[in-house]
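Text of structure.cif (mmCIF, C-alpha atoms) as supplied:
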```
data_run
#
loop_
_atom_site.label_atom_id
_atom_site.label_comp_id
_atom_site.auth_asym_id
_atom_site.auth_seq_id
_atom_site.Cartn_x
_atom_site.Cartn_y
_atom_site.Cartn_z
CA MET A 1 72.72 64.56 172.77
CA LYS A 2 72.88 61.67 175.25
CA LYS A 3 69.14 61.08 174.89
CA SER A 4 69.34 60.85 171.11
CA VAL A 5 72.27 58.39 171.27
CA LEU A 6 70.43 56.29 173.86
CA PHE A 7 67.28 56.39 171.72
CA GLY A 8 69.28 55.31 168.66
CA VAL A 9 70.82 52.37 170.51
CA LEU A 10 67.44 51.25 171.87
CA LEU A 11 65.89 51.54 168.42
CA ALA A 12 68.67 49.43 166.91
CA ILE A 13 68.25 46.74 169.57
CA ALA A 14 64.47 46.68 169.11
CA SER A 15 64.83 46.42 165.32
CA THR A 16 67.30 43.55 165.57
CA THR A 17 65.06 41.70 168.00
CA MET A 18 62.03 42.06 165.77
CA ILE A 19 63.84 40.98 162.60
CA SER A 20 65.42 37.84 164.03
CA CYS A 21 62.50 36.67 166.14
CA LYS A 22 61.87 32.99 166.35
CA LYS A 23 58.59 31.57 165.16
CA THR A 24 57.21 28.12 164.50
CA TYR A 25 57.73 27.01 160.89
CA TYR A 26 56.45 23.81 159.33
CA CYS A 27 58.57 21.92 156.82
CA GLU A 28 56.51 19.58 154.66
CA CYS A 29 58.32 16.86 152.76
CA ASP A 30 56.92 14.86 149.85
CA LYS A 31 58.36 11.77 148.20
CA VAL A 32 58.11 11.96 144.44
CA TYR A 33 58.40 8.62 142.66
CA THR A 34 59.19 8.66 138.96
CA GLY A 35 58.74 5.57 136.86
CA SER A 36 57.88 4.46 133.36
CA SER A 37 54.18 5.04 134.01
CA GLY A 38 54.67 8.64 135.20
CA SER A 39 55.23 10.16 138.59
CA ALA A 40 53.40 10.08 141.91
CA SER A 41 53.82 12.29 144.95
CA TYR A 42 53.09 11.31 148.56
CA ARG A 43 53.31 13.29 151.80
CA ASP A 44 56.27 11.84 153.66
CA GLU A 45 56.74 13.84 156.84
CA VAL A 46 56.18 17.23 158.47
CA TYR A 47 58.83 18.80 160.68
CA THR A 48 58.39 21.68 163.11
CA PHE A 49 61.18 24.20 163.60
CA ASP A 50 61.10 26.95 166.23
CA ASP A 51 63.68 29.26 164.72
CA THR A 52 64.18 32.22 162.43
CA ARG A 53 62.80 31.82 158.90
CA ALA A 54 66.26 31.63 157.34
CA ARG A 55 67.42 28.91 159.71
CA ALA A 56 64.15 26.99 159.37
CA GLU A 57 64.51 27.07 155.57
CA ASP A 58 68.08 25.76 155.83
CA LYS A 59 67.01 22.95 158.16
CA CYS A 60 64.13 22.11 155.84
CA GLU A 61 66.41 21.93 152.79
CA ASN A 62 68.69 19.55 154.71
CA GLU A 63 65.81 17.05 154.81
CA GLU A 64 65.79 16.72 151.00
CA ARG A 65 67.38 13.60 149.51
CA THR A 66 67.06 10.93 146.87
CA GLY A 67 66.88 7.21 147.43
CA THR A 68 65.21 3.91 146.73
CA ASP A 69 62.66 2.03 148.81
CA LEU A 70 59.93 -0.55 148.21
CA GLY A 71 58.08 1.98 146.03
CA GLY A 72 61.10 2.49 143.76
CA ASP A 73 63.39 5.45 143.15
CA TYR A 74 62.30 8.73 144.69
CA SER A 75 63.36 12.27 145.37
CA ARG A 76 62.30 13.89 148.62
CA GLU A 77 61.27 17.52 148.21
CA CYS A 78 60.75 19.74 151.24
CA GLN A 79 59.61 23.30 151.73
CA ILE A 80 58.41 25.67 154.43
CA ARG A 81 54.64 26.21 154.51
#
```

Rewrite the structure of this file - the entire thing - as C-alpha cells.
Amino acid sequence: MKKSVLFGVLLAIASTTMISCKKTYYCECDKVYTGSSGSASYRDEVYTFDDTRARAEDKCENEERTGTDLGGDYSRECQIR
C-alpha cells in the first residue's frame, strides 16, 4: 500500500513538472499600417520568453498596441511562433 501511494505521488509530481516546463518561445510583432491606399505590414520586433507557453502567450499579447508614428496610424500585432 505504501509503495502504491508513493508511486502515485511521484507520478503526480513528474506529470506536473513535465506539463509546466519552461521553454524558449519567440514572440514576433508586426506593425500594420492602414491608410487610404491599403495596408502594409512590417516586422517590428521579436521578443524571447523563457517561460511556460501560457505565460509566454500572455506576455506576447501584452506587447500589442495601437499608435501613430512617422509612418501613420498602426496596430501592432504579436504572436508566438

### Query
Hey, which of A:Glu61, A:Ser39, A:Thr34, A:Val46 ends up closest to Asp73 in chain A? Count all atoms listed in the file.
A:Thr34

### Message
(62.9, 32.1, 159.8) in this file's frame - what residues fall within 12 Å of it? Use all atoms listed in the file and give the answer as JSON, numbers by chain.
### Response
{"A": [18, 19, 20, 21, 22, 23, 24, 25, 26, 27, 48, 49, 50, 51, 52, 53, 54, 55, 56, 57, 58, 59, 60, 80, 81]}

### Message
Report, in Å to a single decimal, how far apart CA of Lys31 in chain A and CA of Arg43 in chain A are.
### Response
6.4 Å

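CA of Glu28 in chain A lies 19.5 Å from CA of Asp69 in chain A.
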
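Counting from CA of Thr68 in chain A, the distance to CA of Ser36 in chain A is 15.3 Å.
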
### Query
For the file shown, what are the residues hit by the PyMOL selection byres ((chain A and resi 30) around 8), laid out as JSON, numbers by chain?
{"A": [28, 29, 31, 32, 41, 42, 43, 44, 45, 76, 77, 78]}

As AutoDock Vina command-line options, what would the box around range 22-30 of chain A look like: edges along x, y and z, 4 Å added on every side, centre and edge lengths in Å to one decimal?
```
--center_x 59.2 --center_y 23.9 --center_z 158.1 --size_x 13.4 --size_y 26.1 --size_z 24.5
```

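The closest residue to Gly35 in chain A, picked from A:Gly72, A:Gly67, A:Asn62, A:Tyr47 and counting all atoms listed in the file, is A:Gly72.
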